[in-house]
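Written below as structure tokens is the structure these notes are about.
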Amino acid sequence: MFRNACFICELLVAASMASHYAMAADSCQPVFDAMSKVLLTHSHIFSTEGAGTRAGAKPQSESIYFGGAIYVKLNDKWIRSKMTVQQMLEQEKENQEHGKATCRYLREEVVGGEAVAVYSVHSENEDVKSDGQLWISKKGLPLRQEFDIDMGDPSKIHQSVRYEYSNVQAPM
């Protein structure tokens, strides 16, 4: 159940961030483009959630975007999500009318030998507020993100996400 919640949270953050083109198009455009591009790129995403999240921690959830499908690892078993990449993109488009986002370019860095731009991102919709940073490669793909997510209860969830793009295959 926790992994389902983590996956849903990951989808909400991605959808929430990518859904606000109209609200902050100039400052957030690279962020929105990256979060949409990852949906269309074969990618393996490793997420770790919790107050004690640290770099190198074992991922609590994994997702793979491959061939228009989304695969999620639950209880050490891969399943194909009922939601497709196309449906996720359509949901993002639909969400453009709700919420708001603000982004700010922070600096250049190197992650895994690759130059990246680091952005701070704050997004809100009716259900979720999040604040964090996103590292975007020069290819326009996210490589890493660190977010604090507030879903309305007294506690916040910290989410660390790592994106990989090489040697990605459908798990089934």
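Naming scheme: A, B, ... for chains in displayed order of the structure tokens; residues 1 onward per chain; ligands 1 onward as shown.
Look at Ser43 in chain A: the protein and nucleic acid residues within 7 Å of it, using only C-alpha atoms and passing over chain neighbours fewer than 4 places away, are Val38, Ile64, Tyr65, Phe66, Tyr163, Glu164, Tyr165 and Val168 of chain A.
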Excluding Asp33 in chain A and residues on its chain fewer than 5 positions from it, collect all residues at most 9 Å away from it, counting only C-alpha atoms, and give them as a list of chain:residue names. A:Ala18, A:Cys28, A:Val38, A:Gly140, A:Leu141
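In terms of minimum interatomic distance to Gly112 in chain A, A:Arg144 ranks closest within A:Arg144, A:His44, A:Lys100, A:Lys156, counting only C-alpha atoms.
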Just the residues within 9 Å of Val31 in chain A, please, counting only C-alpha atoms, with nothing from its chain fewer than 5 positions along; format it as an MDAnalysis selection string. chainID A and resid 17:18 36 103 119 121 134 136 140 142
Emit the selected residues as an mmCIF file, in the first residue's frame, including N, CA and C atoms.
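This is the output file result_11.cif:
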```cif
data_model
loop_
_atom_site.group_PDB
_atom_site.id
_atom_site.type_symbol
_atom_site.label_atom_id
_atom_site.label_comp_id
_atom_site.auth_asym_id
_atom_site.auth_seq_id
_atom_site.Cartn_x
_atom_site.Cartn_y
_atom_site.Cartn_z
ATOM 1 N N MET A 17 3.350 19.429 -11.623
ATOM 2 C CA MET A 17 4.388 20.303 -12.161
ATOM 3 C C MET A 17 4.163 20.561 -13.635
ATOM 4 N N ALA A 18 3.822 19.552 -14.369
ATOM 5 C CA ALA A 18 3.717 19.695 -15.812
ATOM 6 C C ALA A 18 2.389 20.289 -16.256
ATOM 7 N N SER A 36 7.541 16.516 -19.200
ATOM 8 C CA SER A 36 6.791 15.899 -20.299
ATOM 9 C C SER A 36 7.701 14.997 -21.126
ATOM 10 N N CYS A 103 8.854 28.733 -10.763
ATOM 11 C CA CYS A 103 10.169 28.103 -10.927
ATOM 12 C C CYS A 103 11.223 29.195 -11.002
ATOM 13 N N TYR A 119 16.883 23.929 -11.036
ATOM 14 C CA TYR A 119 15.748 24.824 -10.852
ATOM 15 C C TYR A 119 15.095 24.561 -9.498
ATOM 16 N N VAL A 121 11.469 24.687 -7.671
ATOM 17 C CA VAL A 121 10.109 24.556 -8.167
ATOM 18 C C VAL A 121 9.150 24.553 -6.978
ATOM 19 N N LEU A 134 14.990 20.561 -9.092
ATOM 20 C CA LEU A 134 15.028 19.632 -10.213
ATOM 21 C C LEU A 134 16.294 19.893 -11.006
ATOM 22 N N ILE A 136 18.111 19.322 -14.503
ATOM 23 C CA ILE A 136 17.749 19.030 -15.890
ATOM 24 C C ILE A 136 19.004 19.016 -16.745
ATOM 25 N N GLY A 140 17.615 18.163 -21.963
ATOM 26 C CA GLY A 140 16.247 18.496 -21.602
ATOM 27 C C GLY A 140 15.531 17.443 -20.784
ATOM 28 N N PRO A 142 15.085 15.319 -17.039
ATOM 29 C CA PRO A 142 15.416 15.386 -15.621
ATOM 30 C C PRO A 142 16.376 14.258 -15.249
#
```
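Between Asp127 in chain A and the candidates A:Tyr105, A:Gln145, A:Gly152, A:Gly50, the tightest atom-to-atom separation, counting only C-alpha atoms, involves A:Gly152.
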May I have the residues within 8 Å of Gly68 in chain A as a ChimeraX atom specification, using only C-alpha atoms and disregarding those fewer than 2 positions away in the same chain? /A:40,65-66,70,84-86
Write a file of the selected residues as a PDB file, in the first residue's frame, keeping C-alpha atoms.
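Output file part10.pdb is given in full below:
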```pdb
ATOM      1  CA  LEU A  40       8.049  10.127 -23.884  1.00  0.00           C
ATOM      2  CA  TYR A  65       8.349   4.375 -19.072  1.00  0.00           C
ATOM      3  CA  PHE A  66       8.773   2.262 -22.188  1.00  0.00           C
ATOM      4  CA  ILE A  70       4.160   2.719 -17.538  1.00  0.00           C
ATOM      5  CA  THR A  84      -0.629   4.909 -20.251  1.00  0.00           C
ATOM      6  CA  VAL A  85       1.892   7.602 -21.022  1.00  0.00           C
ATOM      7  CA  GLN A  86      -0.611   9.170 -23.420  1.00  0.00           C
TER       8      GLN A  86
END
```
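Here the question is which of A:Met35, A:Ser160, A:Gln169, A:Arg104 gets nearest to Glu92 in chain A using only C-alpha atoms, and that residue is A:Met35.
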When you count only C-alpha atoms, which of these residues is closest to Glu108 in chain A: A:Lys77, A:His42, A:Lys37, A:Lys138? A:Lys138
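The closest residue to Val128 in chain A, picked from A:Ala170, A:Leu106, A:Ala101, A:Leu74 and counting only C-alpha atoms, is A:Ala101.
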